[in-house]
Structures are given as C-alpha cells and as structure tokens.
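Here is model_3.cif, consisting of mmCIF, C-alpha atoms:
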data_entry
loop_
_atom_site.label_atom_id
_atom_site.label_comp_id
_atom_site.auth_asym_id
_atom_site.auth_seq_id
_atom_site.Cartn_x
_atom_site.Cartn_y
_atom_site.Cartn_z
CA MET A 1 -21.19 26.51 -63.94
CA ASP A 2 -18.25 24.13 -64.25
CA SER A 3 -18.98 20.48 -64.96
CA ASP A 4 -18.13 17.77 -62.46
CA ARG A 5 -15.28 16.71 -64.68
CA GLU A 6 -13.76 20.20 -64.90
CA LEU A 7 -13.94 20.59 -61.13
CA ALA A 8 -12.55 17.11 -60.52
CA ASP A 9 -9.66 17.75 -62.92
CA ALA A 10 -8.83 20.99 -61.09
CA VAL A 11 -8.81 19.15 -57.77
CA GLU A 12 -6.73 16.28 -59.09
CA GLN A 13 -4.19 18.32 -61.04
CA ARG A 14 -3.90 21.54 -59.00
CA HIS A 15 -5.36 20.47 -55.64
CA ASP A 16 -7.73 23.36 -56.16
CA GLU A 17 -9.68 23.88 -52.97
CA ALA A 18 -12.34 26.08 -54.58
CA ALA A 19 -13.02 23.36 -57.13
CA PHE A 20 -13.39 20.82 -54.34
CA LEU A 21 -15.91 23.07 -52.59
CA GLY A 22 -17.86 23.26 -55.84
CA LEU A 23 -18.10 19.47 -55.94
CA TYR A 24 -18.81 19.22 -52.23
CA ARG A 25 -21.68 21.70 -52.29
CA ARG A 26 -23.21 20.16 -55.39
CA HIS A 27 -23.20 16.54 -54.24
CA THR A 28 -23.14 16.41 -50.45
CA PRO A 29 -26.86 17.03 -49.76
CA ARG A 30 -27.80 13.89 -51.71
CA LEU A 31 -24.90 11.88 -50.34
CA TYR A 32 -25.70 12.93 -46.78
CA GLN A 33 -29.38 11.97 -47.12
CA MET A 34 -28.46 8.59 -48.55
CA LEU A 35 -25.89 7.80 -45.87
CA LEU A 36 -28.18 9.05 -43.11
CA ARG A 37 -30.78 6.49 -44.18
CA VAL A 38 -28.18 3.73 -44.08
CA VAL A 39 -26.42 4.51 -40.80
CA GLU A 40 -29.44 6.26 -39.16
CA VAL A 41 -27.31 8.31 -36.74
CA ARG A 42 -26.38 11.85 -37.71
CA ALA A 43 -22.90 11.78 -36.23
CA ASP A 44 -22.15 8.55 -38.07
CA ALA A 45 -23.56 9.96 -41.31
CA GLU A 46 -21.28 12.99 -40.96
CA ASP A 47 -18.26 10.76 -40.37
CA ALA A 48 -19.26 8.70 -43.38
CA VAL A 49 -19.60 11.80 -45.59
CA GLN A 50 -16.14 13.01 -44.60
CA GLU A 51 -14.57 9.59 -45.15
CA THR A 52 -16.35 9.31 -48.50
CA TRP A 53 -14.88 12.59 -49.74
CA LEU A 54 -11.42 11.65 -48.52
CA ARG A 55 -11.55 8.37 -50.42
CA ALA A 56 -13.12 9.91 -53.50
CA ILE A 57 -10.60 12.74 -53.82
CA ALA A 58 -7.70 10.36 -53.23
CA ALA A 59 -9.07 8.06 -55.95
CA LEU A 60 -10.02 10.71 -58.51
CA GLY A 61 -7.21 9.59 -60.83
CA SER A 62 -8.70 6.11 -61.07
CA PHE A 63 -12.25 7.29 -61.92
CA ARG A 64 -12.85 6.61 -65.61
CA TRP A 65 -16.01 8.74 -66.01
CA GLU A 66 -17.97 5.78 -67.33
CA SER A 67 -20.72 6.57 -64.83
CA ALA A 68 -21.97 9.82 -63.35
CA PHE A 69 -19.70 11.35 -60.72
CA GLN A 70 -22.56 11.32 -58.23
CA SER A 71 -23.23 7.59 -58.72
CA TRP A 72 -19.55 6.86 -58.18
CA LEU A 73 -19.46 9.05 -55.08
CA ILE A 74 -22.60 7.46 -53.63
CA GLY A 75 -21.14 4.02 -54.34
CA ILE A 76 -18.07 4.91 -52.27
CA GLY A 77 -20.29 6.39 -49.57
CA LEU A 78 -22.49 3.33 -49.33
CA ASN A 79 -19.48 1.07 -48.94
CA VAL A 80 -18.19 3.32 -46.14
CA ALA A 81 -21.62 3.32 -44.49
CA HIS A 82 -22.04 -0.46 -44.76
CA ALA A 83 -18.64 -0.97 -43.14
CA MET A 84 -19.84 1.23 -40.26
CA VAL A 85 -23.06 -0.74 -39.92
CA ARG A 86 -21.15 -4.04 -39.97
CA ALA A 87 -18.73 -2.78 -37.33
CA ARG A 88 -21.53 -1.99 -34.89
CA ARG A 89 -23.80 -4.90 -35.81
CA ASP A 90 -23.52 -6.57 -32.42
CA ASP A 91 -23.62 -3.34 -30.47
CA ALA A 92 -26.60 -1.85 -28.71
CA PRO A 93 -29.69 -1.03 -30.82
CA LEU A 94 -29.52 2.21 -32.74
CA PRO A 95 -31.15 5.35 -31.40
CA ALA A 96 -34.46 6.03 -33.09
CA GLU A 97 -33.31 9.02 -35.13
CA LEU A 98 -35.13 9.81 -38.32
CA PRO A 99 -33.54 11.19 -41.43
CA ALA A 100 -34.08 14.90 -41.83
CA GLY A 101 -35.70 16.71 -44.68
CA ALA A 102 -38.23 14.09 -45.73
CA SER A 103 -41.31 15.31 -47.50
CA GLY A 104 -44.80 13.89 -47.88
CA ALA A 105 -47.63 13.40 -45.42
CA PRO A 106 -46.03 13.34 -41.97
CA GLU A 107 -47.60 10.12 -40.67
CA THR A 108 -46.95 8.19 -43.86
CA ARG A 109 -43.44 9.54 -44.06
CA LEU A 110 -42.67 8.72 -40.42
CA ASP A 111 -44.08 5.20 -40.78
CA LEU A 112 -42.12 4.68 -43.95
CA GLU A 113 -38.87 6.02 -42.53
CA ARG A 114 -39.29 3.84 -39.45
CA ALA A 115 -40.04 0.79 -41.55
CA LEU A 116 -37.04 1.49 -43.77
CA GLY A 117 -34.90 1.78 -40.67
CA ARG A 118 -35.92 -1.71 -39.59
CA LEU A 119 -34.87 -3.38 -42.81
CA PRO A 120 -31.40 -4.94 -42.92
CA ALA A 121 -28.89 -2.37 -44.20
CA GLY A 122 -28.21 -4.20 -47.45
CA GLN A 123 -31.89 -4.52 -48.36
CA ARG A 124 -32.56 -0.94 -47.31
CA THR A 125 -29.78 0.33 -49.53
CA VAL A 126 -30.94 -1.57 -52.60
CA LEU A 127 -34.55 -0.49 -52.07
CA MET A 128 -33.51 3.16 -51.73
CA LEU A 129 -31.30 3.07 -54.78
CA HIS A 130 -33.89 1.27 -56.91
CA ASP A 131 -37.24 2.59 -55.69
CA VAL A 132 -36.28 6.05 -54.41
CA GLU A 133 -33.30 7.03 -56.57
CA GLY A 134 -34.32 5.12 -59.70
CA TRP A 135 -31.08 3.20 -60.25
CA THR A 136 -31.10 0.01 -62.33
CA HIS A 137 -29.90 -3.31 -60.94
CA GLU A 138 -26.86 -3.05 -63.20
CA GLU A 139 -25.92 0.33 -61.72
CA ILE A 140 -26.50 -0.91 -58.19
CA GLY A 141 -24.38 -3.98 -58.86
CA ARG A 142 -21.57 -1.93 -60.39
CA GLN A 143 -21.40 0.65 -57.60
CA LEU A 144 -21.86 -1.75 -54.69
CA GLY A 145 -19.74 -4.56 -56.13
CA MET A 146 -22.53 -7.15 -56.32
CA ALA A 147 -24.15 -9.12 -59.12
CA PRO A 148 -27.34 -7.61 -60.59
CA GLY A 149 -29.12 -10.81 -59.56
CA THR A 150 -28.14 -10.19 -55.94
CA SER A 151 -29.56 -6.71 -56.21
CA LYS A 152 -32.85 -8.11 -57.53
CA SER A 153 -32.98 -10.64 -54.74
CA GLN A 154 -32.30 -7.96 -52.11
CA LEU A 155 -35.01 -5.77 -53.62
CA PHE A 156 -37.52 -8.60 -53.48
CA ASP A 157 -36.77 -9.21 -49.81
CA ALA A 158 -36.77 -5.48 -49.05
CA ARG A 159 -40.16 -4.86 -50.66
CA ARG A 160 -41.71 -7.85 -48.94
CA GLY A 161 -40.19 -6.79 -45.61
CA LEU A 162 -41.34 -3.21 -46.04
CA ARG A 163 -44.90 -4.27 -46.76
CA ALA A 164 -44.92 -6.56 -43.74
CA LEU A 165 -43.70 -3.71 -41.54
CA LEU A 166 -46.20 -1.19 -42.91
CA ASN A 167 -49.22 -3.53 -43.04
CA PRO A 168 -48.58 -6.32 -40.54
CA LEU A 169 -52.13 -7.67 -40.87
CA ALA A 170 -52.04 -7.80 -44.65
CA THR A 171 -49.22 -10.35 -44.81
CA MET B 172 -35.88 -14.85 -56.54
CA ASN B 173 -36.81 -11.88 -58.66
CA GLU B 174 -38.22 -8.39 -58.44
CA ASP B 175 -41.78 -9.46 -59.26
CA PHE B 176 -42.86 -8.47 -55.79
CA GLU B 177 -44.45 -5.26 -57.04
CA LEU B 178 -45.20 -2.32 -54.85
CA SER B 179 -48.73 -0.96 -54.76
CA PRO B 180 -49.26 2.49 -56.30
CA GLU B 181 -49.58 3.92 -52.78
CA GLU B 182 -46.32 2.34 -51.64
CA ARG B 183 -44.58 3.51 -54.78
CA ALA B 184 -45.90 7.06 -54.31
CA ALA B 185 -44.84 7.09 -50.66
CA LEU B 186 -41.33 5.99 -51.57
CA SER B 187 -40.98 8.55 -54.32
CA ALA B 188 -42.14 11.26 -51.91
CA LEU B 189 -39.17 10.61 -49.67
CA SER B 190 -36.66 13.41 -49.94
CA HIS B 191 -33.54 12.88 -52.01
CA GLU B 192 -31.47 15.51 -50.27
CA ALA B 193 -30.81 16.73 -46.75
CA PRO B 194 -28.73 19.78 -45.88
CA PRO B 195 -25.54 18.64 -44.15
CA PRO B 196 -24.40 20.56 -41.06
CA ALA B 197 -22.38 23.64 -42.01
CA ALA B 198 -19.44 22.56 -39.83
CA LEU B 199 -19.06 19.37 -41.85
CA GLU B 200 -17.74 21.32 -44.85
CA GLN B 201 -14.85 22.85 -42.86
CA ARG B 202 -14.17 19.53 -41.13
CA THR B 203 -13.90 17.74 -44.45
CA LEU B 204 -11.78 20.52 -45.91
CA HIS B 205 -9.32 20.37 -43.00
CA ALA B 206 -9.04 16.60 -43.35
CA LEU B 207 -8.29 16.96 -47.07
CA ARG B 208 -5.70 19.69 -46.41
CA ALA B 209 -4.04 17.55 -43.76
CA ARG B 210 -3.53 14.82 -46.36
CA GLY B 211 -2.31 17.27 -48.98
CA LEU B 212 -5.26 16.54 -51.26
CA VAL B 213 -6.31 20.20 -51.52
CA ARG B 214 -4.45 23.45 -50.95
CA PRO B 215 -5.87 26.71 -49.70
CA PRO B 216 -5.71 29.51 -52.28
CA ALA B 217 -2.84 32.02 -51.97
CA HIS B 218 -3.81 35.00 -49.85
CA ARG B 219 -4.73 37.67 -52.42
CA PRO B 220 -4.12 40.85 -50.35
CA LEU B 221 -0.66 39.61 -49.37
CA ARG B 222 0.16 38.79 -52.97
CA LEU B 223 -0.99 42.22 -54.09
CA ALA B 224 1.09 43.96 -51.39
CA LEU B 225 4.18 41.98 -52.42
CA ALA B 226 3.66 42.87 -56.09
CA MET B 227 3.28 46.57 -55.24
CA ALA B 228 6.40 46.51 -53.06
CA ALA B 229 8.38 44.85 -55.86
CA ALA B 230 7.16 47.44 -58.38
CA LEU B 231 8.09 50.31 -56.05
CA LEU B 232 11.54 48.83 -55.43
CA LEU B 233 12.11 48.49 -59.17
CA PHE B 234 11.07 52.08 -59.76
CA LEU B 235 13.29 53.45 -56.99
CA SER B 236 16.28 51.38 -58.18
CA GLY B 237 15.86 52.71 -61.68
CA PHE B 238 15.57 56.24 -60.37
CA ALA B 239 18.73 55.85 -58.27
CA VAL B 240 20.72 54.33 -61.12
CA GLY B 241 19.58 57.09 -63.43
CA ARG B 242 20.68 59.80 -61.02
CA ARG B 243 24.04 58.20 -60.41
CA THR B 244 24.70 57.65 -64.10
CA SER B 245 23.79 61.15 -65.01
CA ALA B 246 26.07 62.46 -62.25
CA GLN B 247 29.04 60.39 -63.33
CA ASP B 248 28.54 60.86 -67.06
CA SER B 249 30.04 57.47 -67.58
CA GLY B 250 29.05 54.98 -70.25
CA VAL B 251 26.91 57.55 -71.98
CA SER B 252 27.20 59.65 -74.99
CA TYR B 253 25.95 63.08 -74.82
CA ALA B 254 26.43 66.13 -76.85
CA ALA B 255 26.15 69.63 -75.77
CA GLN B 256 23.77 71.22 -78.10
CA PRO B 257 24.67 74.54 -79.51
CA GLY B 258 22.64 77.10 -77.79
CA THR B 259 21.92 74.83 -74.87
CA PRO B 260 22.27 76.65 -71.61
CA SER B 261 25.21 75.48 -69.55
CA GLY B 262 24.29 72.76 -67.08
CA GLN B 263 21.65 71.27 -69.41
CA ARG B 264 22.69 68.21 -71.40
CA LEU B 265 20.99 65.78 -73.66
CA VAL B 266 21.65 62.20 -72.59
CA VAL B 267 21.33 59.37 -75.07
CA TRP B 268 21.43 55.78 -73.81
CA PHE B 269 22.72 53.01 -75.99
#

Could you rewrite the structure in this file as structure tokens?
Amino acid sequence: MDSDRELADAVEQRHDEAAFLGLYRRHTPRLYQMLLRVVEVRADAEDAVQETWLRAIAALGSFRWESAFQSWLIGIGLNVAHAMVRARRDDAPLPAELPAGASGAPETRLDLERALGRLPAGQRTVLMLHDVEGWTHEEIGRQLGMAPGTSKSQLFDARRGLRALLNPLAT
Amino acid sequence: MNEDFELSPEERAALSALSHEAPPPAALEQRTLHALRARGLVRPPAHRPLRLALAMAAALLLFLSGFAVGRRTSAQDSGVSYAAQPGTPSGQRLVVWF
C-alpha cells in the first residue's frame, strides 16, 4: 500500500485521481466523524469534508510533512468546521442529530454525545482532540493555530462543562 | 487555568469508547471528486479501451502501409538491387534492400 506521501506526490505532480481516491478513502472516515461532532448536522459535515479536501489538495505543495498527513488534514477540517459554526452562531438552534457510528453502551454513549454537543464548539474540539484522539496540547495548538496554553484552558473548561452536563447534581 | 481538572476513570473510559470513524455517504466521494476536477486539481485517467483501440489501429495502419510500399517497390524494381540467380525460375527474383 502506498504511503500518504507517495499518494500526495502523485496528486500534486500528476493530478492523479486514483492517488487522490487512495487518500480520500484512507482518511475521510476519521475526518467525517470529527467534523460531524463539531458541526452536528450531517449535511454540514459533508460540505465541510468536501471543502477540507479542496483546500488540502490545493495546498499540498505547502505541506512540509513535519506532522502526520491526517493531523494536517484534520486541522484544515476543523478550521472549516469552526468557520461554519461561527457563521450560524446566531441562527436557530441546531437539530438534535447525533454522530453516527459511536460505540459503547447506548445510554452512556447517547448521554455523552448529547453533552458533547452542548459544549461550545471550541471546547468540544479541544476535548475531542485531547481526550478522544489523544493529541497533545502542542499538536492541537499547531493545527488549530492557538497557543498550547489556550488549548489547556479550553480543555479545563470543556471537562468541567462535560461533568456538569453529565452529573448536574454532582457539581 | 490548567488541565488539572482530571476526568474520572468512568468518564475517561466513556470518552475513549466513542468511535473515531464514521463511514461517509458514498455520494460524497463522487461529489468531492467532481469539485476537484472542476478546479483542475485532479484528472480522470485516460480511457484504457479507447487507448488500446487507437494503438491497434495505428499498428494495423503501419503494417498495411509497409505492405503496400513493399508491393509497389517490388513491382517497380526501383531503388533496389537484385540479381537473378542462376537456375532461378523466371519470374522469381531475390530482392536485397540497402
């Protein structure tokens, strides 16, 4: 199986469609899940995935391969998704869709997904990247264009908010 | 502000049980591909059967041209050196191309 770099080089240098599909099929399931949790509406998540790939392929020449391709791609995707969330901030409340494909005990998972959905988008993103995906604050800061200290602060608020939402009597 | 607000083991387990991937809709792949093609960022591969047919047609044309030139040249006996071999039946000649 070709590496991300080999596929990306083929796309950048020869506009190789098959190479693009290799990258797309390898990375989109994770990207889609991540963006779905941020924007919470499937149609918006699909738009965000498409826009993410357009930006990523157009910017392939500027990627220096100092981080994993997937981290870079997700960083682009999260910026796209946050712009969407900001644009609709004052609009009507979001429909109560839940991200697909979650595992775990159904009630716990539903409660957790609902609670995540009620956190501010920035806090939700940092909590997902840190506590679900296992990114460090440095990686989060680099990909989202924020200081690591801001990431720590957002994580603190997100964890406290999540606990309050899951156990309202305990706080 | 720091990250000292630790999650309980149950909270941590619940978060790690969340799925990392979700299958995107199948139509999204084609939609994304069309958008990339429209911007010239990817190109569809050349159509293989058409390319094969063109190559075969070119090979056939080359063969027929060579055959026609050979017949004409042998009929005109021009630009060639041949020698009637002793004992060769009339009408049969050895053609040597230079």

Would you mind listing, for every residue of chain A within 7 Å of chain B, the two atoms forming the shortest contact and the distance between them in Å to one decimal, using all atoms listed in the file, sorted by chain and ascending residue number, as CSV?
residue,atom,partner,partner_atom,distance
A:Val11,CA,B:Val213,CA,6.8
A:His15,CA,B:Val213,CA,4.2
A:Asp16,CA,B:Val213,CA,5.8
A:Glu17,CA,B:Val213,CA,5.2
A:Pro29,CA,B:Glu192,CA,4.9
A:Arg30,CA,B:Glu192,CA,4.3
A:Tyr32,CA,B:Pro195,CA,6.3
A:Gln33,CA,B:Ala193,CA,5.0
A:Glu46,CA,B:Leu199,CA,6.8
A:Gln50,CA,B:Thr203,CA,5.2
A:Leu54,CA,B:Leu207,CA,6.3
A:Ala58,CA,B:Leu212,CA,6.9
A:Ala100,CA,B:Ala193,CA,6.2
A:Gly101,CA,B:Ala193,CA,5.3
A:Ala102,CA,B:Ser190,CA,4.5
A:Ser103,CA,B:Ser190,CA,5.6
A:Gly104,CA,B:Ala188,CA,5.5
A:Asp131,CA,B:Leu186,CA,6.7
A:Val132,CA,B:Ser187,CA,5.3
A:Lys152,CA,B:Glu174,CA,5.5
A:Ser153,CA,B:Met172,CA,5.4
A:Leu155,CA,B:Glu174,CA,6.4
A:Phe156,CA,B:Glu174,CA,5.0
A:Arg159,CA,B:Phe176,CA,6.8
A:Arg160,CA,B:Phe176,CA,7.0

Subject >> Hits from the PyMOL selection byres ((chain A and resi 116) around 12), listed as a PyMOL selection string >> reply: (chain A and resi 36-40+96+98-99+108-115+117-128+131-132+158-166) or (chain B and resi 185-186+189)

**OP:** May I have the protein, DNA and RNA residues with an atom at most 10 Å from (-16.9, 19.6, -62.2), counting all atoms listed in the file in the file's coordinates, returned as an MDAnalysis selection string?
**Re:** chainID A and resid 1:11 19:20 22:23 26 69

Original post:
In Å, how far is it from CA of Tyr24 in chain A to CA of Leu129 in chain A?
Top reply: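 Interatomic distance here is 20.6 Å.
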
Original post:
How many Å separate CA of Leu144 in chain A from CA of Glu66 in chain A?
Top reply: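 Separation between CA of Leu144 in chain A and CA of Glu66 in chain A: 15.2 Å.
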
The PyMOL selection byres ((chain A and resi 73-77) around 7) applied to the shown file, residues as an mmCIF file with C-alpha atoms, in the coordinates of the input:
data_model
loop_
_atom_site.group_PDB
_atom_site.id
_atom_site.type_symbol
_atom_site.label_atom_id
_atom_site.label_comp_id
_atom_site.auth_asym_id
_atom_site.auth_seq_id
_atom_site.Cartn_x
_atom_site.Cartn_y
_atom_site.Cartn_z
ATOM 1 C CA LEU A 31 -24.900 11.880 -50.340
ATOM 2 C CA LEU A 35 -25.890 7.800 -45.870
ATOM 3 C CA ALA A 48 -19.260 8.700 -43.380
ATOM 4 C CA VAL A 49 -19.600 11.800 -45.590
ATOM 5 C CA THR A 52 -16.350 9.310 -48.500
ATOM 6 C CA ALA A 56 -13.120 9.910 -53.500
ATOM 7 C CA PHE A 69 -19.700 11.350 -60.720
ATOM 8 C CA GLN A 70 -22.560 11.320 -58.230
ATOM 9 C CA SER A 71 -23.230 7.590 -58.720
ATOM 10 C CA TRP A 72 -19.550 6.860 -58.180
ATOM 11 C CA LEU A 78 -22.490 3.330 -49.330
ATOM 12 C CA ASN A 79 -19.480 1.070 -48.940
ATOM 13 C CA VAL A 80 -18.190 3.320 -46.140
ATOM 14 C CA ALA A 81 -21.620 3.320 -44.490
ATOM 15 C CA GLN A 143 -21.400 0.650 -57.600
ATOM 16 C CA LEU A 144 -21.860 -1.750 -54.690
#

Original post:
Quick one, how far is CA of Arg25 in chain A from CA of Arg88 in chain A?
Top reply: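 Taking CA of Arg25 in chain A as the start and CA of Arg88 in chain A as the end point, the length is 29.4 Å.
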